[in-house]
Each structure stands twice: as C-alpha cells, then as structure tokens.
$ cat my_file27.txt   # compact mmCIF, C-alpha atoms
# COMPACT_ATOMS: atom_id res chain seq x y z
CA MET S 841 -8.41 -35.85 32.39
CA ALA S 842 -9.62 -32.37 33.23
CA GLY S 843 -6.26 -30.94 32.27
CA SER S 844 -6.17 -32.75 28.95
CA GLY S 845 -9.77 -31.79 28.30
CA GLY S 846 -8.91 -28.15 28.90
CA ARG S 847 -5.96 -28.33 26.54
CA LEU S 848 -7.95 -29.99 23.76
CA PRO S 849 -9.94 -26.87 22.67
CA LEU S 850 -6.72 -24.85 22.49
CA ALA S 851 -5.13 -27.53 20.35
CA LEU S 852 -8.14 -27.42 18.03
CA LEU S 853 -8.21 -23.61 17.86
CA ALA S 854 -4.58 -23.27 16.78
CA PRO S 855 -5.13 -24.74 13.28
CA VAL S 856 -8.33 -22.71 12.91
CA ALA S 857 -6.50 -19.48 13.77
CA ALA S 858 -3.68 -20.36 11.38
CA GLY S 859 -6.20 -21.08 8.65
CA ALA S 860 -7.99 -17.77 9.28
CA ARG S 861 -4.68 -15.86 9.06
CA ALA S 862 -3.80 -17.65 5.83
CA LEU S 863 -7.25 -16.87 4.41
CA ALA S 864 -7.00 -13.17 5.36
CA ARG S 865 -3.51 -12.95 3.87
CA GLY S 866 -4.75 -14.59 0.68
CA LEU S 867 -7.64 -12.13 0.42
CA VAL S 868 -5.26 -9.18 0.90
CA PHE S 869 -2.98 -10.49 -1.85
CA LEU S 870 -5.89 -11.22 -4.21
CA CYS S 871 -7.60 -7.84 -3.69
CA SER S 872 -4.35 -5.90 -4.00
CA GLU S 873 -3.41 -7.71 -7.23
CA ARG S 874 -6.82 -7.03 -8.80
CA CYS S 875 -6.94 -3.39 -7.71
CA ALA S 876 -3.36 -2.81 -8.87
CA TRP S 877 -4.22 -4.22 -12.29
CA LEU S 878 -7.33 -2.03 -12.60
CA LEU S 879 -5.66 1.19 -11.48
CA GLY S 880 -2.61 0.55 -13.65
CA ALA S 881 -4.53 -0.07 -16.86
CA PRO S 882 -4.26 3.04 -19.13
CA CYS S 883 -7.70 2.54 -20.70
CA LEU S 884 -9.37 2.23 -17.30
CA ARG S 885 -7.60 5.36 -16.03
CA ARG S 886 -9.00 7.28 -19.00
CA ALA S 887 -12.44 5.86 -18.24
CA TYR S 888 -11.99 6.94 -14.63
CA HIS S 889 -11.29 10.53 -15.72
CA ALA S 890 -14.48 10.42 -17.79
CA TRP S 891 -16.37 9.13 -14.72
CA LEU S 892 -15.17 12.05 -12.59
CA ALA S 893 -16.22 14.54 -15.26
CA GLY S 894 -19.61 12.85 -15.63
CA ALA S 895 -20.18 12.80 -11.86
CA VAL S 896 -19.67 16.57 -11.61
CA LEU S 897 -21.42 17.53 -14.85
CA LEU S 898 -24.38 15.16 -14.72
CA GLY S 899 -24.72 14.55 -10.98
CA PRO S 900 -27.16 17.46 -10.46
CA LEU S 901 -29.52 15.86 -13.00
CA LEU S 902 -30.02 12.99 -10.55
CA HIS S 903 -31.19 15.31 -7.77
CA PRO S 904 -34.96 14.92 -8.53
CA PHE S 905 -34.60 11.13 -8.34
CA ALA S 906 -32.31 10.97 -5.29
CA ASN S 907 -33.50 9.89 -1.87
CA PRO S 908 -33.82 13.05 0.27
CA HIS S 909 -33.37 10.98 3.43
CA ALA S 910 -30.06 9.42 2.37
CA ILE S 911 -27.05 10.08 4.58
CA LEU S 912 -25.31 12.10 1.84
CA ALA S 913 -28.35 14.36 1.52
CA ASN S 914 -27.40 15.95 4.82
CA GLN S 915 -24.44 18.24 4.13
CA ARG S 916 -23.40 17.87 7.79
CA ASN S 917 -23.30 14.07 7.75
CA PHE S 918 -20.55 12.12 9.51
CA PHE S 919 -18.44 11.52 6.41
CA SER S 920 -18.53 15.15 5.30
CA ARG S 921 -17.67 16.46 8.77
CA THR S 922 -14.92 13.90 9.33
CA PHE S 923 -13.28 13.60 5.93
CA VAL S 924 -14.13 16.36 3.45
CA ALA S 925 -12.68 19.34 5.33
CA SER S 926 -9.48 17.37 5.99
CA ALA S 927 -9.43 15.50 2.67
CA TRP S 928 -5.95 16.72 1.81
CA GLY S 929 -4.59 15.58 5.19
CA TRP S 930 -6.01 12.07 4.79
CA THR S 931 -4.65 11.91 1.24
CA CYS S 932 -1.18 13.03 2.28
CA ILE S 933 -0.98 10.51 5.10
CA LEU S 934 -2.07 7.45 3.12
CA ALA S 935 -0.69 8.33 -0.32
CA GLY S 936 2.54 9.60 1.24
CA GLY S 937 3.00 6.42 3.26
CA PHE S 938 2.35 4.25 0.20
CA ALA S 939 4.74 6.25 -1.99
CA LEU S 940 7.48 6.10 0.64
CA LEU S 941 7.20 2.31 0.95
CA VAL S 942 7.15 1.79 -2.82
CA SER S 943 10.05 4.16 -3.48
CA TYR S 944 12.27 2.57 -0.85
CA GLY S 945 11.19 -0.97 -1.69
CA ALA S 946 12.02 -0.54 -5.38
CA THR S 947 15.40 1.17 -4.94
CA GLY S 948 16.63 0.59 -1.39
CA ARG S 949 17.83 4.20 -1.36
CA ALA S 950 16.98 6.42 1.59
CA LEU S 951 16.63 9.51 -0.63
CA ALA S 952 14.27 7.86 -3.15
CA PRO S 953 11.12 8.97 -1.23
CA LEU S 954 12.04 12.64 -1.75
CA ARG S 955 10.30 12.64 -5.15
CA PRO S 956 6.83 11.65 -3.87
CA LEU S 957 7.25 13.97 -0.90
CA ALA S 958 8.01 16.81 -3.31
CA ARG S 959 4.85 16.05 -5.30
CA LEU S 960 2.79 16.17 -2.11
CA ALA S 961 4.44 19.46 -1.18
CA VAL S 962 3.48 20.88 -4.58
CA GLY S 963 -0.07 19.62 -4.07
CA THR S 964 -0.20 21.29 -0.67
CA GLY S 965 0.84 24.59 -2.22
CA LEU S 966 -1.77 24.23 -4.96
CA GLN S 967 -4.65 23.56 -2.59
CA LEU S 968 -3.63 26.46 -0.34
CA ALA S 969 -3.39 28.73 -3.37
CA ALA S 970 -6.81 27.57 -4.57
CA ALA S 971 -8.35 28.28 -1.15
CA ALA S 972 -6.86 31.79 -1.16
CA ALA S 973 -8.01 32.41 -4.75
CA PHE S 974 -11.55 31.22 -3.97
CA GLY S 975 -11.71 33.55 -0.96
CA LEU S 976 -10.49 36.45 -3.09
CA VAL S 977 -13.15 35.76 -5.72
CA GLU S 978 -15.82 35.72 -3.03
CA GLU S 979 -14.66 39.05 -1.63
CA LEU S 980 -14.34 40.78 -5.02
CA THR S 981 -17.76 39.65 -6.22
CA GLY S 982 -19.66 39.99 -2.93
CA TYR S 983 -21.59 42.52 -0.94
CA CYS S 984 -22.61 42.92 2.68
CA TYR S 985 -26.08 41.68 3.54
CA ALA S 986 -28.21 41.83 6.66
CA PRO S 987 -31.93 41.08 7.08
CA LEU S 988 -33.21 44.52 8.18
CA PRO S 989 -36.74 45.95 8.39
CA ALA S 990 -38.05 47.69 5.30
CA GLY S 991 -36.76 51.23 4.97
CA THR S 992 -33.68 50.64 7.17
CA LEU S 993 -30.42 51.53 5.49
CA LEU S 994 -27.39 49.29 5.99
CA PRO S 995 -24.27 51.43 6.59
CA PRO S 996 -21.69 50.89 3.86
CA VAL S 997 -19.15 48.16 4.70
CA PRO S 998 -16.13 48.11 2.38
CA ASP S 999 -14.87 44.56 2.85
CA ARG S 1000 -15.79 41.08 4.01
CA PRO S 1001 -13.96 41.13 7.38
CA GLY S 1002 -15.69 44.37 8.36
CA CYS S 1003 -19.05 43.00 7.29
CA LEU S 1004 -18.65 39.83 9.35
CA ALA S 1005 -17.29 41.79 12.32
CA ALA S 1006 -20.47 43.90 12.25
CA GLY S 1007 -22.58 40.75 12.54
CA HIS S 1008 -23.78 40.79 8.93
CA ARG S 1009 -23.39 38.30 6.10
CA TRP S 1010 -21.19 38.52 3.01
CA ARG S 1011 -22.74 37.25 -0.19
CA GLY S 1012 -20.38 36.58 -3.06
CA TYR S 1013 -19.52 33.97 -5.67
CA LEU S 1014 -17.55 31.24 -3.88
CA PRO S 1015 -16.27 28.27 -5.93
CA SER S 1016 -16.78 24.98 -4.13
CA ARG S 1017 -13.68 24.09 -2.13
CA PRO S 1018 -15.06 20.63 -1.16
CA THR S 1019 -15.52 19.80 -4.84
CA PHE S 1020 -12.01 21.07 -5.57
CA LEU S 1021 -10.49 18.97 -2.77
CA LEU S 1022 -12.38 15.79 -3.62
CA THR S 1023 -11.62 16.06 -7.34
CA PHE S 1024 -7.93 16.91 -6.88
CA CYS S 1025 -7.40 14.20 -4.25
CA SER S 1026 -9.12 11.62 -6.47
CA LEU S 1027 -6.98 12.49 -9.48
CA LEU S 1028 -3.80 12.49 -7.39
CA LEU S 1029 -4.56 9.12 -5.79
CA ALA S 1030 -5.34 7.54 -9.15
CA GLU S 1031 -1.92 8.70 -10.43
CA GLU S 1032 0.06 7.66 -7.37
CA LEU S 1033 -1.57 4.23 -7.02
CA ALA S 1034 -1.22 3.30 -10.71
CA VAL S 1035 2.49 2.63 -10.19
CA PHE S 1036 1.80 -0.43 -8.01
CA ARG S 1037 0.95 -2.57 -11.03
CA ARG S 1038 4.43 -2.07 -12.50
CA TYR S 1039 5.97 -2.42 -9.04
CA LEU S 1040 4.46 -5.89 -8.66
CA ALA S 1041 5.32 -6.89 -12.22
CA ARG S 1042 8.99 -6.11 -11.55
CA GLY S 1043 8.98 -8.49 -8.59
CA HIS S 1044 9.82 -5.89 -5.96
CA PRO S 1045 9.14 -6.83 -2.32
CA ALA S 1046 5.43 -6.54 -1.59
CA GLY S 1047 4.54 -8.01 1.77
CA THR S 1048 1.22 -7.85 3.57
CA PRO S 1049 1.88 -4.43 5.25
CA LEU S 1050 2.54 -2.71 1.91
CA ARG S 1051 -0.48 -4.33 0.32
CA LEU S 1052 -2.67 -3.26 3.25
CA VAL S 1053 -1.49 0.34 2.87
CA PHE S 1054 -2.29 0.13 -0.84
CA LEU S 1055 -5.79 -1.20 -0.14
CA LEU S 1056 -6.38 1.57 2.41
CA ASN S 1057 -5.55 4.06 -0.34
CA VAL S 1058 -8.00 2.28 -2.67
CA LEU S 1059 -10.72 2.55 -0.02
CA LEU S 1060 -9.91 6.24 0.43
CA LEU S 1061 -10.17 6.77 -3.33
CA ALA S 1062 -13.57 5.05 -3.33
CA LEU S 1063 -14.70 7.25 -0.43
CA TRP S 1064 -13.64 10.45 -2.23
CA ASN S 1065 -15.61 9.35 -5.29
CA LEU S 1066 -18.69 8.58 -3.22
CA LEU S 1067 -18.54 11.94 -1.44
CA LEU S 1068 -17.91 13.76 -4.72
CA LEU S 1069 -20.99 12.15 -6.26
CA GLY S 1070 -23.01 13.01 -3.16
CA THR S 1071 -21.82 16.61 -3.34
CA ALA S 1072 -22.75 16.82 -7.02
CA VAL S 1073 -26.19 15.29 -6.51
CA TYR S 1074 -27.20 17.00 -3.28
CA GLY S 1075 -25.07 20.16 -3.49
CA PRO S 1076 -26.93 23.47 -3.36
CA ALA S 1077 -25.19 25.22 -6.28
CA TYR S 1078 -24.15 23.78 -9.63
CA GLY S 1079 -21.91 26.60 -10.89
CA PRO S 1080 -19.52 26.76 -7.91
CA GLN S 1081 -19.15 22.98 -7.97
CA LEU S 1082 -18.29 23.04 -11.67
CA VAL S 1083 -15.70 25.77 -11.15
CA GLY S 1084 -14.14 23.92 -8.21
CA ALA S 1085 -13.84 20.69 -10.21
CA ALA S 1086 -12.47 22.56 -13.25
CA VAL S 1087 -9.75 24.26 -11.18
CA ALA S 1088 -8.80 20.91 -9.61
CA THR S 1089 -8.59 19.25 -13.02
CA LEU S 1090 -6.47 22.12 -14.33
CA ALA S 1091 -4.10 21.81 -11.35
CA TRP S 1092 -3.76 18.07 -11.95
CA TYR S 1093 -3.20 18.51 -15.68
CA LEU S 1094 -0.54 21.21 -15.30
CA THR S 1095 1.41 19.06 -12.84
CA TYR S 1096 0.98 15.36 -13.59
CA GLN S 1097 0.43 15.76 -17.33
CA GLY S 1098 2.68 18.79 -17.80
CA TRP S 1099 5.41 19.91 -15.43
CA TYR S 1100 6.14 16.47 -13.92
CA ARG S 1101 7.21 15.27 -17.36
CA ALA S 1102 10.01 17.86 -17.42
CA ARG S 1103 13.53 17.08 -16.29
CA TRP S 1104 13.64 19.66 -13.52
CA SER S 1105 10.57 18.53 -11.63
CA PRO S 1106 9.62 16.05 -8.91
CA GLY S 1107 8.86 13.60 -11.71
CA ARG S 1108 5.81 11.48 -12.35
CA PRO S 1109 4.95 8.53 -10.08
CA GLY S 1110 7.45 5.76 -10.78
CA ALA S 1111 10.20 8.09 -12.01
CA GLY S 1112 13.55 6.55 -11.11
CA LEU S 1113 11.98 3.26 -10.01
CA PHE S 1114 11.75 1.47 -13.35
CA LEU S 1115 13.81 1.03 -16.46
CA LYS S 1116 13.44 3.58 -19.23
CA GLY S 1117 10.33 2.83 -21.26
CA GLU S 1118 8.49 1.21 -18.36
CA LEU S 1119 7.46 4.43 -16.62
CA ARG S 1120 4.65 5.15 -19.01
CA ALA S 1121 1.70 2.82 -18.72
$ encode --input "my_file27.txt" --output "structure tokens"
Amino acid sequence: MAGSGGRLPLALLAPVAAGARALARGLVFLCSERCAWLLGAPCLRRAYHAWLAGAVLLGPLLHPFANPHAILANQRNFFSRTFVASAWGWTCILAGGFALLVSYGATGRALAPLRPLARLAVGTGLQLAAAAAFGLVEELTGYCYAPLPAGTLLPPVPDRPGCLAAGHRWRGYLPSRPTFLLTFCSLLLAEELAVFRRYLARGHPAGTPLRLVFLLNVLLLALWNLLLLGTAVYGPAYGPQLVGAAVATLAWYLTYQGWYRARWSPGRPGAGLFLKGELRA
C-alpha cells in the first residue's frame, strides 16, 4: 500500500506537467502569431517610426513630470550598464540567430543566411564609423578644461589625448552614442522581425524554438524602446540626443530604404525567401 501510495502522486503529476507544457506551448504560439502580425503590418511599422521620432523629439518635455526616483532616472542603472553599452552585441546575437533560422527554414540552403549576416556586418561598420565620427566631432569642437584657482594659467594642450593624459578634462560637442545605438538597433530589429509574418503565412516550418527566438527579439525591441524613452526623458542634453537619433535614422534610411533595394546589395529582409511581389509588405 505504501508503494502504491507513493506512486499515486507521480501518476497525478504527469498529466498536470503535460498540461502545463501544452499551455506554455500554446502561449508561445499565440504571442508569436500576434507579434508577427503587428510587426509585419505596414501601417503599424510607419506608426512605429513616428513613435521613435516622437520619443526623441518630445521626450525631454516630459522631464518636469517624470519621477526623479525612477530606475531610469539614474543614468548608471542596471539596464543601462548591462545593455546600452553593448546594445549592438545583443542585437547581433538575437537578430542574427533569428535571421539565420528563418533564412535556412524558408530555403533549406546553407548559404541563404549569408544575406542577413552581410546586413549585420554593414550595421557593424556603420556603428563603428558613427563612434569614430562622434569622437572626431568632440575633439574638433572641444577645449581642455581644468578647475584651477583664479589667476592660474592652464598650459596650452593641443589635443584631447594630451589633455586627458595631463589629468584635465576635454569639453566638446559629443553626439549621444547611446541614443544612436538604441535608435539604430530599434529600427534594424523592426525591419528584420517584420519578415516573420510572411514566413508564417507561407507555411514554412516554425516550431517552438524559432518562435521563442522571435519573442526574445520582440522583448529586446521593447527594452530598447524603453531605454530610449528613458534616455530622452532623463538625459542631460537634448541637442546631442537629437543628433545621435538623426544619424541613426539616416544610417537606417540609406541602407534599408536605399541601398538594400539595389541588386548588388545584401538585400532587404526576406530577399530570396519569398516569391516576387511578396517581399514588400
């Protein structure tokens, strides 16, 4: 009796565990279907672009009404320290993994993922070029500063490295690299994830692992938007943020809306995966 009594709870737990797995799988499928539909809708993508512009342009107006004790009010909060500086790395890992799975799942060709990898390589070059350009702007527009007693002359320092090596500070106009990264990563993710709606409509294989990777990308996109809004609301300088977002938008427009439409390019998301006429949504 003791043995049968000990086996009874296990026999009862098995159907419960199976039901929980079925429920979790159903939630993954439902959430991925709804998110794919939203991100693949052309009108909603245009509304999303308007939201990004509004967040950067109008976010500072919310500063007087924002909670100064909120977690995003601290520029050194956990999310900023963990994600913002490495935003491009997180985006490459998740968006790259999703694009690889979709490309191979739709075509079955081992070389199909080269297109999304090429787009990520171009994005890497653009963000490195932007970082170098921002640093150059700061050096060309800056001057060496040190808090010295009145009447003390600061010896002339010709460049930023020499100023910092002397223990002073360099003050120049520095466009916001966090705003650039968050804006560019958000625009890129919105483009890369929009293809999943057409992927599902074509009946390509879409098991739970692929859908989970897609939902992780959706969560990352939501996080970038939250951090971008926090940067706009609580950021110390409006002008540098605006310049950073403008440069990111220009980089996105020249690639996804310009060059990627050309024949000799990595192609837009979905290029080579769908029949002619289905690529554009």
$ residues_around --input "my_file27.txt" --residues "range 1029-1038 of chain S" --least-positions-apart "2" --cutoff "6 Å" --atoms "all atoms listed in the file" --output "PDB file with C-alpha atoms, keeping the file's coordinate frame"
ATOM      1  CA  ALA S 876      -3.360  -2.810  -8.870  1.00  0.00           C
ATOM      2  CA  TRP S 877      -4.220  -4.220 -12.290  1.00  0.00           C
ATOM      3  CA  LEU S 879      -5.660   1.190 -11.480  1.00  0.00           C
ATOM      4  CA  GLY S 880      -2.610   0.550 -13.650  1.00  0.00           C
ATOM      5  CA  SER S1026      -9.120  11.620  -6.470  1.00  0.00           C
ATOM      6  CA  LEU S1027      -6.980  12.490  -9.480  1.00  0.00           C
ATOM      7  CA  LEU S1040       4.460  -5.890  -8.660  1.00  0.00           C
ATOM      8  CA  ALA S1041       5.320  -6.890 -12.220  1.00  0.00           C
ATOM      9  CA  PRO S1109       4.950   8.530 -10.080  1.00  0.00           C
ATOM     10  CA  GLY S1110       7.450   5.760 -10.780  1.00  0.00           C
TER      11      GLY S1110
END
$ residues_near_point --input "my_file27.txt" --point "(-13.3, 34.5, -4.6)" --cutoff "12 Å" --atoms "only C-alpha atoms" --output "ChimeraX atom specification"
/S:969-982,1000,1010-1017,1080,1083-1084
$ closest_residue --input "my_file27.txt" --among "S:Leu934, S:Leu1004, S:Ala887, S:Leu1090" --to "Leu1060 in chain S" --atoms "only C-alpha atoms"
S:Leu934
$ residues_around --input "my_file27.txt" --residues "His1044 in chain S" --least-positions-apart "6" --cutoff "9 Å" --atoms "all atoms listed in the file" --output "JSON, numbers by chain"
{"S": [942, 945, 946]}
$ atom_distance --input "my_file27.txt" --atom1 "CA of Arg1108 in chain S" --atom2 "CA of Leu884 in chain S"
18.5 Å
$ atom_distance --input "my_file27.txt" --atom1 "CA of Val924 in chain S" --atom2 "CA of Asn907 in chain S"
21.1 Å
$ axis_aligned_box --input "my_file27.txt" --around "range 1095-1114 of chain S" --padding-each-side "5 Å" --output "lines of an AutoDock Vina configuration file"
center_x = 7.0
center_y = 10.7
center_z = -13.4
size_x = 23.2
size_y = 28.4
size_z = 18.9
$ atom_distance --input "my_file27.txt" --atom1 "CA of Leu897 in chain S" --atom2 "CA of Tyr1078 in chain S"
8.6 Å
$ closest_residue --input "my_file27.txt" --among "S:Ala1046, S:Ala1062, S:Leu966, S:Leu1068" --to "Thr1095 in chain S" --atoms "only C-alpha atoms"
S:Leu966
$ residues_around --input "my_file27.txt" --residues "His903 in chain S" --least-positions-apart "2" --cutoff "7 Å" --atoms "only C-alpha atoms" --output "JSON, numbers by chain"
{"S": [900, 901, 905, 906, 1073, 1074]}
$ residues_around --input "my_file27.txt" --residues "Ile911 in chain S" --least-positions-apart "4" --cutoff "12 Å" --atoms "all atoms listed in the file" --output "list in words"
Ala906, Asn907, Gln915, Arg916, Asn917, Phe918, Phe919, Ser920, Leu1066, Leu1067, Gly1070, Thr1071 and Tyr1074 of chain S
$ write_last_selection --input "my_file27.txt" --atoms "C-alpha atoms" --output "PDB file, in the frame of the given file"
ATOM      1  CA  ALA S 906     -32.310  10.970  -5.290  1.00  0.00           C
ATOM      2  CA  ASN S 907     -33.500   9.890  -1.870  1.00  0.00           C
ATOM      3  CA  GLN S 915     -24.440  18.240   4.130  1.00  0.00           C
ATOM      4  CA  ARG S 916     -23.400  17.870   7.790  1.00  0.00           C
ATOM      5  CA  ASN S 917     -23.300  14.070   7.750  1.00  0.00           C
ATOM      6  CA  PHE S 918     -20.550  12.120   9.510  1.00  0.00           C
ATOM      7  CA  PHE S 919     -18.440  11.520   6.410  1.00  0.00           C
ATOM      8  CA  SER S 920     -18.530  15.150   5.300  1.00  0.00           C
ATOM      9  CA  LEU S1066     -18.690   8.580  -3.220  1.00  0.00           C
ATOM     10  CA  LEU S1067     -18.540  11.940  -1.440  1.00  0.00           C
ATOM     11  CA  GLY S1070     -23.010  13.010  -3.160  1.00  0.00           C
ATOM     12  CA  THR S1071     -21.820  16.610  -3.340  1.00  0.00           C
ATOM     13  CA  TYR S1074     -27.200  17.000  -3.280  1.00  0.00           C
TER      14      TYR S1074
END
$ closest_residue --input "my_file27.txt" --among "S:Asn1057, S:Leu892, S:Tyr983, S:Pro855" --to "Ile933 in chain S" --atoms "all atoms listed in the file"
S:Asn1057
$ closest_residue --input "my_file27.txt" --among "S:Ala881, S:Ala939, S:Ala958, S:Leu1022" --to "Leu1069 in chain S" --atoms "only C-alpha atoms"
S:Leu1022
$ closest_residue --input "my_file27.txt" --among "S:Trp930, S:Phe869, S:Phe1020, S:Phe938" --to "Ala1072 in chain S" --atoms "all atoms listed in the file"
S:Phe1020
$ build_atoms --input "my_file27.txt" --residues "range 1023-1049 of chain S" --atoms "N, CA and C atoms" --output "mmCIF file, in the frame of the given file"
data_model
loop_
_atom_site.group_PDB
_atom_site.id
_atom_site.type_symbol
_atom_site.label_atom_id
_atom_site.label_comp_id
_atom_site.auth_asym_id
_atom_site.auth_seq_id
_atom_site.Cartn_x
_atom_site.Cartn_y
_atom_site.Cartn_z
ATOM 1 N N THR S 1023 -12.058 16.340 -5.972
ATOM 2 C CA THR S 1023 -11.620 16.060 -7.340
ATOM 3 C C THR S 1023 -10.105 15.960 -7.421
ATOM 4 N N PHE S 1024 -9.393 16.912 -6.821
ATOM 5 C CA PHE S 1024 -7.930 16.910 -6.880
ATOM 6 C C PHE S 1024 -7.350 15.691 -6.156
ATOM 7 N N CYS S 1025 -7.889 15.359 -4.982
ATOM 8 C CA CYS S 1025 -7.400 14.200 -4.250
ATOM 9 C C CYS S 1025 -7.676 12.902 -5.017
ATOM 10 N N SER S 1026 -8.813 12.813 -5.683
ATOM 11 C CA SER S 1026 -9.120 11.620 -6.470
ATOM 12 C C SER S 1026 -8.158 11.464 -7.636
ATOM 13 N N LEU S 1027 -7.906 12.547 -8.354
ATOM 14 C CA LEU S 1027 -6.980 12.490 -9.480
ATOM 15 C C LEU S 1027 -5.570 12.160 -9.024
ATOM 16 N N LEU S 1028 -5.147 12.747 -7.907
ATOM 17 C CA LEU S 1028 -3.800 12.490 -7.390
ATOM 18 C C LEU S 1028 -3.656 11.034 -6.954
ATOM 19 N N LEU S 1029 -4.642 10.507 -6.235
ATOM 20 C CA LEU S 1029 -4.560 9.120 -5.790
ATOM 21 C C LEU S 1029 -4.526 8.153 -6.964
ATOM 22 N N ALA S 1030 -5.336 8.418 -7.977
ATOM 23 C CA ALA S 1030 -5.340 7.540 -9.150
ATOM 24 C C ALA S 1030 -3.963 7.512 -9.814
ATOM 25 N N GLU S 1031 -3.267 8.646 -9.852
ATOM 26 C CA GLU S 1031 -1.920 8.700 -10.430
ATOM 27 C C GLU S 1031 -0.909 7.970 -9.560
ATOM 28 N N GLU S 1032 -0.939 8.229 -8.261
ATOM 29 C CA GLU S 1032 0.060 7.660 -7.370
ATOM 30 C C GLU S 1032 -0.106 6.150 -7.212
ATOM 31 N N LEU S 1033 -1.336 5.651 -7.232
ATOM 32 C CA LEU S 1033 -1.570 4.230 -7.020
ATOM 33 C C LEU S 1033 -1.340 3.399 -8.283
ATOM 34 N N ALA S 1034 -1.378 4.044 -9.455
ATOM 35 C CA ALA S 1034 -1.220 3.300 -10.710
ATOM 36 C C ALA S 1034 0.139 2.635 -10.809
ATOM 37 N N VAL S 1035 1.126 3.150 -10.097
ATOM 38 C CA VAL S 1035 2.490 2.630 -10.190
ATOM 39 C C VAL S 1035 2.612 1.247 -9.565
ATOM 40 N N PHE S 1036 1.665 0.841 -8.717
ATOM 41 C CA PHE S 1036 1.800 -0.430 -8.010
ATOM 42 C C PHE S 1036 1.722 -1.619 -8.961
ATOM 43 N N ARG S 1037 1.034 -1.480 -10.058
ATOM 44 C CA ARG S 1037 0.950 -2.570 -11.030
ATOM 45 C C ARG S 1037 2.342 -2.888 -11.588
ATOM 46 N N ARG S 1038 3.089 -1.861 -11.972
ATOM 47 C CA ARG S 1038 4.430 -2.070 -12.500
ATOM 48 C C ARG S 1038 5.386 -2.510 -11.401
ATOM 49 N N TYR S 1039 5.155 -2.022 -10.188
ATOM 50 C CA TYR S 1039 5.970 -2.420 -9.040
ATOM 51 C C TYR S 1039 5.868 -3.930 -8.814
ATOM 52 N N LEU S 1040 4.653 -4.457 -8.850
ATOM 53 C CA LEU S 1040 4.460 -5.890 -8.660
ATOM 54 C C LEU S 1040 5.014 -6.692 -9.832
ATOM 55 N N ALA S 1041 4.841 -6.174 -11.036
ATOM 56 C CA ALA S 1041 5.320 -6.890 -12.220
ATOM 57 C C ALA S 1041 6.833 -7.017 -12.225
ATOM 58 N N ARG S 1042 7.531 -6.070 -11.614
ATOM 59 C CA ARG S 1042 8.990 -6.110 -11.550
ATOM 60 C C ARG S 1042 9.488 -7.039 -10.448
ATOM 61 N N GLY S 1043 8.574 -7.566 -9.628
ATOM 62 C CA GLY S 1043 8.980 -8.490 -8.590
ATOM 63 C C GLY S 1043 9.588 -7.840 -7.371
ATOM 64 N N HIS S 1044 9.309 -6.568 -7.153
ATOM 65 C CA HIS S 1044 9.820 -5.890 -5.960
ATOM 66 C C HIS S 1044 9.124 -6.422 -4.716
ATOM 67 N N PRO S 1045 9.757 -6.288 -3.550
ATOM 68 C CA PRO S 1045 9.140 -6.830 -2.320
ATOM 69 C C PRO S 1045 7.788 -6.183 -2.036
ATOM 70 N N ALA S 1046 6.792 -7.030 -1.833
ATOM 71 C CA ALA S 1046 5.430 -6.540 -1.590
ATOM 72 C C ALA S 1046 4.766 -7.443 -0.557
ATOM 73 N N GLY S 1047 5.114 -7.217 0.704
ATOM 74 C CA GLY S 1047 4.540 -8.010 1.770
ATOM 75 C C GLY S 1047 3.147 -7.528 2.146
ATOM 76 N N THR S 1048 2.581 -8.176 3.141
ATOM 77 C CA THR S 1048 1.220 -7.850 3.570
ATOM 78 C C THR S 1048 1.084 -6.396 4.038
ATOM 79 N N PRO S 1049 2.041 -5.842 4.818
ATOM 80 C CA PRO S 1049 1.880 -4.430 5.250
ATOM 81 C C PRO S 1049 1.764 -3.462 4.084
#
